[in-house]
>>> print(open('my_file-v2.pdb').read())   # PDB, C-alpha atoms
ATOM      1  CA  MET A 229      79.798 105.106  75.692
ATOM      2  CA  ALA A 230      81.554 108.428  76.310
ATOM      3  CA  PRO A 231      85.377 108.336  76.594
ATOM      4  CA  VAL A 232      86.812 108.602  80.084
ATOM      5  CA  ASP A 233      88.326 111.977  80.892
ATOM      6  CA  GLU A 234      91.743 110.726  82.022
ATOM      7  CA  GLU A 235      92.820 114.033  83.546
ATOM      8  CA  ARG A 236      89.650 114.217  85.615
ATOM      9  CA  GLU A 237      90.048 110.616  86.743
ATOM     10  CA  GLN A 238      93.606 111.121  88.005
ATOM     11  CA  VAL A 239      94.163 111.868  91.672
ATOM     12  CA  GLY A 240      97.091 113.466  93.433
ATOM     13  CA  VAL A 241      99.782 115.507  91.747
ATOM     14  CA  GLY A 242     102.247 115.066  88.914
ATOM     15  CA  PRO A 243     106.042 115.379  88.983
ATOM     16  CA  TRP A 244     107.498 118.178  91.113
ATOM     17  CA  GLN A 245     107.900 121.396  89.158
ATOM     18  CA  GLY A 246     111.086 123.392  89.698
ATOM     19  CA  GLU A 247     114.045 122.758  91.978
ATOM     20  CA  TRP A 248     113.597 119.753  94.212
ATOM     21  CA  PRO A 249     113.340 120.299  97.977
ATOM     22  CA  SER A 250     116.346 119.190 100.050
ATOM     23  CA  ASP A 251     114.211 117.996 102.988
ATOM     24  CA  GLU A 252     114.924 114.292 103.563
ATOM     25  CA  ARG A 253     111.242 113.617 104.128
ATOM     26  CA  TYR A 254     110.646 113.869 100.380
ATOM     27  CA  ASP A 255     110.806 110.752  98.219
ATOM     28  CA  PRO A 256     112.934 111.202  95.058
ATOM     29  CA  GLU A 257     110.843 108.707  93.121
ATOM     30  CA  LEU A 258     107.608 110.533  93.939
ATOM     31  CA  LEU A 259     109.181 113.883  93.100
ATOM     32  CA  ALA A 260     110.179 112.525  89.705
ATOM     33  CA  GLU A 261     107.018 110.585  88.828
ATOM     34  CA  GLY A 262     104.274 112.304  90.799
ATOM     35  CA  ASP A 263     102.323 111.341  93.903
ATOM     36  CA  ARG A 264      98.995 109.654  93.191
ATOM     37  CA  ARG A 265      98.423 108.349  96.722
ATOM     38  CA  ASN A 266      95.294 109.096  98.726
ATOM     39  CA  VAL A 267      97.026 111.388 101.233
ATOM     40  CA  VAL A 268      96.311 114.937 102.391
ATOM     41  CA  ASP A 269      98.226 117.733 100.710
ATOM     42  CA  ARG A 270     100.691 118.247 103.559
ATOM     43  CA  TYR A 271     102.095 114.764 102.870
ATOM     44  CA  ARG A 272     102.468 115.046  99.097
ATOM     45  CA  TYR A 273     105.784 113.597  97.929
ATOM     46  CA  TRP A 274     106.748 112.489 101.470
ATOM     47  CA  THR A 275     108.081 108.992 102.071
ATOM     48  CA  LEU A 276     105.819 106.533 103.841
ATOM     49  CA  GLU A 277     108.201 106.472 106.809
ATOM     50  CA  ALA A 278     108.152 110.260 107.113
ATOM     51  CA  ILE A 279     104.351 110.354 107.065
ATOM     52  CA  VAL A 280     104.056 107.706 109.774
ATOM     53  CA  ALA A 281     106.668 109.491 111.911
ATOM     54  CA  ASP A 282     104.723 112.748 111.652
ATOM     55  CA  LEU A 283     101.417 111.048 112.452
ATOM     56  CA  ASP A 284     103.038 109.477 115.502
ATOM     57  CA  THR A 285     103.634 112.940 116.972
ATOM     58  CA  ARG A 286      99.900 113.691 116.859
ATOM     59  CA  ARG A 287      98.023 110.431 117.422
ATOM     60  CA  HIS A 288      95.007 110.512 119.713
ATOM     61  CA  PRO A 289      94.997 108.365 122.867
ATOM     62  CA  PHE A 290      92.014 106.203 121.912
ATOM     63  CA  HIS A 291      92.406 102.716 120.460
ATOM     64  CA  VAL A 292      90.044 100.740 118.222
ATOM     65  CA  ALA A 293      89.692  96.971 118.593
ATOM     66  CA  ILE A 294      87.617  94.571 116.522
ATOM     67  CA  GLU A 295      86.995  90.864 116.941
ATOM     68  CA  ASN A 296      87.947  88.742 113.933
ATOM     69  CA  TRP A 297      86.624  85.214 114.254
ATOM     70  CA  ALA A 298      85.311  84.801 110.698
ATOM     71  CA  HIS A 299      87.508  87.094 108.586
ATOM     72  CA  ASP A 300      85.014  89.952 108.764
ATOM     73  CA  LEU A 301      85.133  92.039 105.573
ATOM     74  CA  ASN A 302      84.425  95.189 107.591
ATOM     75  CA  ILE A 303      87.784  95.159 109.358
ATOM     76  CA  GLY A 304      89.408  97.041 106.502
ATOM     77  CA  SER A 305      86.896  99.877 106.742
ATOM     78  CA  VAL A 306      87.404 100.010 110.521
ATOM     79  CA  VAL A 307      91.147 100.413 109.943
ATOM     80  CA  ARG A 308      90.466 103.158 107.401
ATOM     81  CA  THR A 309      88.247 104.967 109.911
ATOM     82  CA  ALA A 310      90.906 104.652 112.612
ATOM     83  CA  ASN A 311      93.439 106.206 110.252
ATOM     84  CA  ALA A 312      91.084 109.048 109.306
ATOM     85  CA  PHE A 313      90.609 110.002 112.950
ATOM     86  CA  LEU A 314      94.231 109.286 113.951
ATOM     87  CA  ALA A 315      93.714 106.483 116.473
ATOM     88  CA  ALA A 316      96.717 105.367 118.469
ATOM     89  CA  GLU A 317      96.364 101.767 117.283
ATOM     90  CA  VAL A 318      93.972  99.249 115.811
ATOM     91  CA  HIS A 319      93.775  95.891 117.575
ATOM     92  CA  ILE A 320      92.701  92.773 115.704
ATOM     93  CA  VAL A 321      91.374  90.178 118.166
ATOM     94  CA  GLY A 322      91.213  86.559 117.027
ATOM     95  CA  ASN A 323      92.423  85.491 113.612
ATOM     96  CA  ARG A 324      95.621  87.253 112.580
ATOM     97  CA  ARG A 325      94.680  87.362 108.892
ATOM     98  CA  TRP A 326      92.102  89.891 107.764
ATOM     99  CA  ASN A 327      90.861  91.275 104.462
ATOM    100  CA  ARG A 328      92.881  94.432 103.781
ATOM    101  CA  ARG A 329      90.989  95.498 100.669
ATOM    102  CA  GLY A 330      88.620  97.770 102.567
ATOM    103  CA  ALA A 331      91.515  99.545 104.273
ATOM    104  CA  MET A 332      92.528 101.138 100.951
ATOM    105  CA  VAL A 333      96.220 100.877 101.991
ATOM    106  CA  THR A 334      95.626 103.007 105.109
ATOM    107  CA  ASP A 335      97.017 100.124 107.173
ATOM    108  CA  ARG A 336     100.448 101.263 105.974
ATOM    109  CA  TYR A 337     100.019 104.457 107.987
ATOM    110  CA  GLN A 338      98.101 103.014 110.932
ATOM    111  CA  HIS A 339      99.663 100.912 113.704
ATOM    112  CA  VAL A 340      97.898  97.534 113.847
ATOM    113  CA  ARG A 341      98.420  95.053 116.699
ATOM    114  CA  HIS A 342      97.179  91.471 116.927
ATOM    115  CA  HIS A 343      95.789  89.707 120.020
ATOM    116  CA  PRO A 344      94.949  85.971 119.823
ATOM    117  CA  SER A 345      92.007  86.328 122.214
ATOM    118  CA  VAL A 346      89.882  88.819 124.127
ATOM    119  CA  ALA A 347      91.812  87.844 127.249
ATOM    120  CA  ASP A 348      95.048  88.900 125.582
ATOM    121  CA  LEU A 349      93.537  92.250 124.600
ATOM    122  CA  LEU A 350      92.274  92.800 128.128
ATOM    123  CA  ALA A 351      95.655  91.962 129.641
ATOM    124  CA  TRP A 352      97.314  94.480 127.324
ATOM    125  CA  ALA A 353      94.676  97.133 128.105
ATOM    126  CA  ALA A 354      95.034  96.602 131.862
ATOM    127  CA  GLU A 355      98.811  96.886 131.635
ATOM    128  CA  SER A 356      98.378 100.083 129.604
ATOM    129  CA  GLY A 357      95.811 101.522 132.024
ATOM    130  CA  LEU A 358      93.083 101.708 129.369
ATOM    131  CA  PRO A 359      89.392 100.985 130.018
ATOM    132  CA  VAL A 360      87.677  98.847 127.372
ATOM    133  CA  LEU A 361      84.275  99.994 126.118
ATOM    134  CA  GLY A 362      82.198  97.694 123.955
ATOM    135  CA  VAL A 363      79.963  99.011 121.183
ATOM    136  CA  ASP A 364      76.877  96.880 120.485
ATOM    137  CA  ASN A 365      73.090  97.259 120.727
ATOM    138  CA  LEU A 366      72.602  94.764 123.530
ATOM    139  CA  PRO A 367      69.963  94.666 126.291
ATOM    140  CA  GLY A 368      71.245  96.765 129.170
ATOM    141  CA  SER A 369      73.666  98.728 127.009
ATOM    142  CA  VAL A 370      74.131 102.465 127.511
ATOM    143  CA  ALA A 371      73.442 105.098 124.861
ATOM    144  CA  LEU A 372      76.576 106.364 123.151
ATOM    145  CA  GLU A 373      74.923 109.740 122.701
ATOM    146  CA  GLY A 374      75.921 111.850 125.703
ATOM    147  CA  TYR A 375      78.177 109.181 127.208
ATOM    148  CA  PRO A 376      81.394 110.710 128.679
ATOM    149  CA  LEU A 377      83.994 108.726 126.760
ATOM    150  CA  PRO A 378      87.367 108.528 128.529
ATOM    151  CA  ARG A 379      90.142 110.385 126.737
ATOM    152  CA  ALA A 380      92.357 107.289 126.790
ATOM    153  CA  CYS A 381      90.368 104.125 126.105
ATOM    154  CA  VAL A 382      89.764 101.142 123.836
ATOM    155  CA  LEU A 383      86.589 101.010 121.737
ATOM    156  CA  LEU A 384      85.837  97.347 121.053
ATOM    157  CA  PHE A 385      83.609  96.162 118.200
ATOM    158  CA  GLY A 386      82.326  92.674 117.428
ATOM    159  CA  GLN A 387      81.664  90.680 114.291
ATOM    160  CA  GLU A 388      79.217  92.012 111.735
ATOM    161  CA  SER A 389      76.663  89.222 112.196
ATOM    162  CA  VAL A 390      76.823  88.312 115.882
ATOM    163  CA  GLY A 391      78.244  91.410 117.541
ATOM    164  CA  LEU A 392      80.469  91.244 120.599
ATOM    165  CA  SER A 393      81.434  87.845 121.915
ATOM    166  CA  ASP A 394      80.347  86.849 125.415
ATOM    167  CA  ALA A 395      83.906  87.319 126.675
ATOM    168  CA  ALA A 396      84.026  90.851 125.270
ATOM    169  CA  ARG A 397      80.649  91.781 126.740
ATOM    170  CA  GLU A 398      81.618  90.581 130.191
ATOM    171  CA  ALA A 399      84.967  92.358 130.130
ATOM    172  CA  ALA A 400      83.805  95.767 128.923
ATOM    173  CA  VAL A 401      83.471  98.558 131.474
ATOM    174  CA  ASP A 402      80.298  99.523 129.640
ATOM    175  CA  VAL A 403      78.646  98.424 126.415
ATOM    176  CA  LEU A 404      77.404 101.372 124.375
ATOM    177  CA  HIS A 405      74.690 101.353 121.741
ATOM    178  CA  ILE A 406      74.110 103.793 118.879
ATOM    179  CA  ALA A 407      70.576 105.149 118.579
ATOM    180  CA  GLN A 408      68.767 103.688 115.546
ATOM    181  CA  PHE A 409      65.364 104.623 114.175
ATOM    182  CA  GLY A 410      64.742 102.256 111.275
ATOM    183  CA  SER A 411      63.798  98.608 110.871
ATOM    184  CA  THR A 412      67.216  96.943 110.918
ATOM    185  CA  ARG A 413      68.411  95.324 114.122
ATOM    186  CA  SER A 414      72.023  96.324 113.629
ATOM    187  CA  MET A 415      74.228  98.416 111.375
ATOM    188  CA  ASN A 416      77.409  97.729 109.450
ATOM    189  CA  ALA A 417      80.371  97.333 111.805
ATOM    190  CA  GLY A 418      82.412  99.791 109.781
ATOM    191  CA  ALA A 419      79.671 102.410 110.042
ATOM    192  CA  ALA A 420      79.288 101.798 113.779
ATOM    193  CA  ALA A 421      83.020 102.283 114.269
ATOM    194  CA  ALA A 422      82.944 105.575 112.373
ATOM    195  CA  ILE A 423      80.064 106.880 114.486
ATOM    196  CA  ALA A 424      81.624 105.827 117.792
ATOM    197  CA  VAL A 425      85.056 107.177 116.927
ATOM    198  CA  HIS A 426      83.597 110.487 115.808
ATOM    199  CA  ALA A 427      81.769 110.714 119.141
ATOM    200  CA  TRP A 428      85.202 110.516 120.801
ATOM    201  CA  ILE A 429      86.533 113.185 118.409
ATOM    202  CA  ALA A 430      83.613 115.504 119.210
ATOM    203  CA  GLN A 431      84.393 115.260 122.925
ATOM    204  CA  HIS A 432      88.174 115.388 122.951
ATOM    205  CA  ALA A 433      89.810 116.554 119.706
ATOM    206  CA  GLY A 434      90.553 120.038 118.465
ATOM    207  CA  PRO A 435      90.491 121.120 114.823
ATOM    208  CA  PRO A 436      92.612 118.977 112.487
ATOM    209  CA  VAL A 437      96.034 120.096 111.296
ATOM    210  CA  GLN A 438      95.664 121.860 107.969
ATOM    211  CA  GLY A 439      98.007 121.890 105.024
TER     212      GLY A 439
END
>>> encode(input="my_file-v2.pdb", output="structure tokens")
Amino acid sequence: MAPVDEEREQVGVGPWQGEWPSDERYDPELLAEGDRRNVVDRYRYWTLEAIVADLDTRRHPFHVAIENWAHDLNIGSVVRTANAFLAAEVHIVGNRRWNRRGAMVTDRYQHVRHHPSVADLLAWAAESGLPVLGVDNLPGSVALEGYPLPRACVLLFGQESVGLSDAAREAAVDVLHIAQFGSTRSMNAGAAAAIAVHAWIAQHAGPPVQG
């Protein structure tokens, strides 16, 4: 077996070279030891708090919610997707505990709120003036493709195996389905979230901040 190329396997950057920056957003420990986190270049060596504060100035007005009645392993990937597309918040509906492994620590940068039930989520959404749109391939659902997604809204996803609960289906302004062409009845909840969120991005977001 060939030896692992350690330099190629490393991610991020090593210790800061030269005089340290005086900006308080920089973390002295990261400057000294290097920053191996999975963050974009503009956030290299920044403290976690500084990154979150900067993200908060640019978050999009859509929210992502997912039902968690059986500790769905896909919740982590949904959180990671929400972080990638800069959602305002992720809402976990049902069980408070969820498997964070799939989030790849992005939950540290993404605001996550818990709601004990769909009714609690709906009450929060109504108070916030946000329509709730379900995403599931149900009879009578509307195609996501071409659907005019509201700029401020909640995209609600169900469990991997059973989809949206009855309460979620009844409460949603519309239930949207993603066009599929193969043999499977449904797709991975994490993949569905990525597709739906990117549909919102395509309609409402400008180019991402570079750097």
>>> residues_around(input="my_file-v2.pdb", residues="Ala421 (chain A)", least_positions_apart="3", cutoff="8 Å", atoms="only C-alpha atoms", output="ChimeraX atom specification")
/A:306,309,385,417-418,424-425
>>> resolve_selection(input="my_file-v2.pdb", expression="the PyMOL selection byres ((chain A and resi 345) around 12)", output="PyMOL selection string")
chain A and resi 293-297+319-324+342-344+346-352+393+395-396
>>> write_last_selection(input="my_file-v2.pdb", atoms="C-alpha atoms", output="PDB file, in the frame of the given file")
ATOM      1  CA  ALA A 293      89.692  96.971 118.593  1.00  0.00           C
ATOM      2  CA  ILE A 294      87.617  94.571 116.522  1.00  0.00           C
ATOM      3  CA  GLU A 295      86.995  90.864 116.941  1.00  0.00           C
ATOM      4  CA  ASN A 296      87.947  88.742 113.933  1.00  0.00           C
ATOM      5  CA  TRP A 297      86.624  85.214 114.254  1.00  0.00           C
ATOM      6  CA  HIS A 319      93.775  95.891 117.575  1.00  0.00           C
ATOM      7  CA  ILE A 320      92.701  92.773 115.704  1.00  0.00           C
ATOM      8  CA  VAL A 321      91.374  90.178 118.166  1.00  0.00           C
ATOM      9  CA  GLY A 322      91.213  86.559 117.027  1.00  0.00           C
ATOM     10  CA  ASN A 323      92.423  85.491 113.612  1.00  0.00           C
ATOM     11  CA  ARG A 324      95.621  87.253 112.580  1.00  0.00           C
ATOM     12  CA  HIS A 342      97.179  91.471 116.927  1.00  0.00           C
ATOM     13  CA  HIS A 343      95.789  89.707 120.020  1.00  0.00           C
ATOM     14  CA  PRO A 344      94.949  85.971 119.823  1.00  0.00           C
ATOM     15  CA  VAL A 346      89.882  88.819 124.127  1.00  0.00           C
ATOM     16  CA  ALA A 347      91.812  87.844 127.249  1.00  0.00           C
ATOM     17  CA  ASP A 348      95.048  88.900 125.582  1.00  0.00           C
ATOM     18  CA  LEU A 349      93.537  92.250 124.600  1.00  0.00           C
ATOM     19  CA  LEU A 350      92.274  92.800 128.128  1.00  0.00           C
ATOM     20  CA  ALA A 351      95.655  91.962 129.641  1.00  0.00           C
ATOM     21  CA  TRP A 352      97.314  94.480 127.324  1.00  0.00           C
ATOM     22  CA  SER A 393      81.434  87.845 121.915  1.00  0.00           C
ATOM     23  CA  ALA A 395      83.906  87.319 126.675  1.00  0.00           C
ATOM     24  CA  ALA A 396      84.026  90.851 125.270  1.00  0.00           C
TER      25      ALA A 396
END
>>> resolve_selection(input="my_file-v2.pdb", expression="the PyMOL selection byres ((chain A and resi 379) around 8)", output="list in words")
Pro289, Phe290, Leu377, Pro378, Ala380, Cys381, Trp428 and His432 of chain A
>>> closest_residue(input="my_file-v2.pdb", among="A:Ala419, A:Val292, A:Val280, A:Val268", to="Ala315 (chain A)", atoms="all atoms listed in the file")
A:Val292
>>> atom_distance(input="my_file-v2.pdb", atom1="CA of Arg253 (chain A)", atom2="CA of Gly330 (chain A)")
27.7 Å
>>> atom_distance(input="my_file-v2.pdb", atom1="CA of Gly240 (chain A)", atom2="CA of Ala430 (chain A)")
29.2 Å
>>> residues_near_point(input="my_file-v2.pdb", point="(88.1, 96.4, 109.8)", cutoff="8 Å", atoms="all atoms listed in the file", output="list in words")
Ile294, Asp300, Leu301, Asn302, Ile303, Gly304, Ser305, Val306, Val307, Arg308, Trp326, Asn327, Arg328, Gly330, Ala331 and Gly418 of chain A
>>> atom_distance(input="my_file-v2.pdb", atom1="CA of Gly368 (chain A)", atom2="CA of Ala407 (chain A)")
13.5 Å
>>> closest_residue(input="my_file-v2.pdb", among="A:Ala310, A:Ala354, A:Ala260, A:Ala298", to="His339 (chain A)", atoms="only C-alpha atoms")
A:Ala310
>>> residues_around(input="my_file-v2.pdb", residues="His291 (chain A)", least_positions_apart="6", cutoff="7 Å", atoms="only C-alpha atoms", output="ChimeraX atom specification")
/A:315-318,381-383
>>> write_last_selection(input="my_file-v2.pdb", atoms="C-alpha atoms", output="CSV table (one decimal), keeping the file's coordinate frame")
chain,number,residue,atom,x,y,z
A,315,ALA,CA,93.7,106.5,116.5
A,316,ALA,CA,96.7,105.4,118.5
A,317,GLU,CA,96.4,101.8,117.3
A,318,VAL,CA,94.0,99.2,115.8
A,381,CYS,CA,90.4,104.1,126.1
A,382,VAL,CA,89.8,101.1,123.8
A,383,LEU,CA,86.6,101.0,121.7
>>> closest_residue(input="my_file-v2.pdb", among="A:Asp282, A:Asp263, A:Asp269, A:Glu388", to="Asp364 (chain A)", atoms="all atoms listed in the file")
A:Glu388
>>> closest_residue(input="my_file-v2.pdb", among="A:Pro249, A:Val390, A:Leu358, A:Arg287", to="Gln338 (chain A)", atoms="all atoms listed in the file")
A:Arg287
>>> residues_around(input="my_file-v2.pdb", residues="region 276-278 of chain A", least_positions_apart="5", cutoff="12 Å", atoms="all atoms listed in the file", output="number ranges by chain")
A: 251-255, 258, 263, 265-267, 270-271, 283-285, 333-338
>>> closest_residue(input="my_file-v2.pdb", among="A:Leu259, A:Leu384, A:Val239, A:Ile279", to="Val363 (chain A)", atoms="only C-alpha atoms")
A:Leu384
>>> resolve_selection(input="my_file-v2.pdb", expression="the PyMOL selection byres ((chain A and resi 244) around 7)", output="PyMOL selection string")
chain A and resi 242-243+245-246+259-260+262
>>> axis_aligned_box(input="my_file-v2.pdb", around="region 239-242 of chain A", padding_each_side="3 Å", output="AutoDock Vina command-line options")
--center_x 98.2 --center_y 113.7 --center_z 91.2 --size_x 14.1 --size_y 9.6 --size_z 10.5
>>> decode(input="my_file-v2.pdb", residues="region 307-339 of chain A", atoms="N, CA and C atoms", output="short mmCIF file (atom, residue, chain, number, x, y, z; two decimals), in the first residue's frame")
data_model
loop_
_atom_site.label_atom_id
_atom_site.label_comp_id
_atom_site.auth_asym_id
_atom_site.auth_seq_id
_atom_site.Cartn_x
_atom_site.Cartn_y
_atom_site.Cartn_z
N VAL A 307 -28.68 20.46 7.73
CA VAL A 307 -28.05 21.60 8.40
C VAL A 307 -26.85 22.09 7.59
N ARG A 308 -26.07 21.16 7.07
CA ARG A 308 -24.90 21.54 6.27
C ARG A 308 -25.33 22.28 5.01
N THR A 309 -26.40 21.83 4.37
CA THR A 309 -26.92 22.52 3.20
C THR A 309 -27.40 23.93 3.55
N ALA A 310 -28.11 24.04 4.68
CA ALA A 310 -28.60 25.35 5.11
C ALA A 310 -27.45 26.32 5.34
N ASN A 311 -26.36 25.82 5.91
CA ASN A 311 -25.18 26.65 6.12
C ASN A 311 -24.56 27.06 4.79
N ALA A 312 -24.47 26.13 3.85
CA ALA A 312 -23.84 26.42 2.56
C ALA A 312 -24.58 27.52 1.81
N PHE A 313 -25.91 27.56 1.96
CA PHE A 313 -26.70 28.54 1.24
C PHE A 313 -27.16 29.69 2.13
N LEU A 314 -26.62 29.75 3.35
CA LEU A 314 -26.81 30.86 4.28
C LEU A 314 -28.28 31.10 4.64
N ALA A 315 -28.94 30.02 5.09
CA ALA A 315 -30.31 30.15 5.57
C ALA A 315 -30.35 30.96 6.87
N ALA A 316 -31.47 31.59 7.10
CA ALA A 316 -31.63 32.35 8.34
C ALA A 316 -31.52 31.43 9.56
N GLU A 317 -32.27 30.33 9.53
CA GLU A 317 -32.25 29.37 10.63
C GLU A 317 -32.62 27.98 10.13
N VAL A 318 -32.25 26.99 10.90
CA VAL A 318 -32.75 25.63 10.72
C VAL A 318 -33.65 25.33 11.91
N HIS A 319 -34.79 24.71 11.64
CA HIS A 319 -35.75 24.39 12.70
C HIS A 319 -35.91 22.88 12.78
N ILE A 320 -35.62 22.34 13.94
CA ILE A 320 -35.79 20.91 14.19
C ILE A 320 -37.14 20.73 14.88
N VAL A 321 -38.03 19.97 14.25
CA VAL A 321 -39.39 19.78 14.76
C VAL A 321 -39.52 18.37 15.31
N GLY A 322 -39.87 18.26 16.59
CA GLY A 322 -40.00 16.94 17.20
C GLY A 322 -38.96 16.71 18.26
N ASN A 323 -38.22 15.61 18.13
CA ASN A 323 -37.18 15.31 19.11
C ASN A 323 -36.08 16.37 19.09
N ARG A 324 -35.66 16.80 20.26
CA ARG A 324 -34.62 17.82 20.34
C ARG A 324 -33.26 17.27 19.89
N ARG A 325 -32.98 16.02 20.24
CA ARG A 325 -31.68 15.43 19.91
C ARG A 325 -31.66 14.98 18.46
N TRP A 326 -30.55 15.22 17.80
CA TRP A 326 -30.39 14.78 16.42
C TRP A 326 -28.93 14.45 16.17
N ASN A 327 -28.68 13.63 15.18
CA ASN A 327 -27.33 13.16 14.87
C ASN A 327 -26.57 14.27 14.14
N ARG A 328 -25.56 14.83 14.82
CA ARG A 328 -24.82 15.96 14.27
C ARG A 328 -23.66 15.56 13.35
N ARG A 329 -23.41 14.29 13.22
CA ARG A 329 -22.24 13.85 12.44
C ARG A 329 -22.30 14.37 11.01
N GLY A 330 -23.47 14.28 10.39
CA GLY A 330 -23.59 14.71 9.00
C GLY A 330 -23.45 16.20 8.81
N ALA A 331 -23.58 16.97 9.87
CA ALA A 331 -23.45 18.43 9.76
C ALA A 331 -22.01 18.87 9.56
N MET A 332 -21.05 18.01 9.90
CA MET A 332 -19.64 18.33 9.72
C MET A 332 -19.28 19.65 10.39
N VAL A 333 -19.77 19.82 11.61
CA VAL A 333 -19.57 20.98 12.50
C VAL A 333 -20.15 22.29 11.96
N THR A 334 -20.90 22.24 10.85
CA THR A 334 -21.50 23.47 10.34
C THR A 334 -22.59 24.00 11.27
N ASP A 335 -23.09 23.17 12.18
CA ASP A 335 -24.09 23.65 13.13
C ASP A 335 -23.51 24.70 14.07
N ARG A 336 -22.20 24.81 14.15
CA ARG A 336 -21.59 25.85 14.97
C ARG A 336 -21.78 27.23 14.34
N TYR A 337 -21.96 27.26 13.03
CA TYR A 337 -22.07 28.52 12.31
C TYR A 337 -23.52 28.83 11.91
N GLN A 338 -24.39 27.85 12.07
CA GLN A 338 -25.77 27.97 11.62
C GLN A 338 -26.72 28.03 12.82
N HIS A 339 -27.61 29.00 12.86
CA HIS A 339 -28.59 29.08 13.94
C HIS A 339 -29.58 27.93 13.82
#
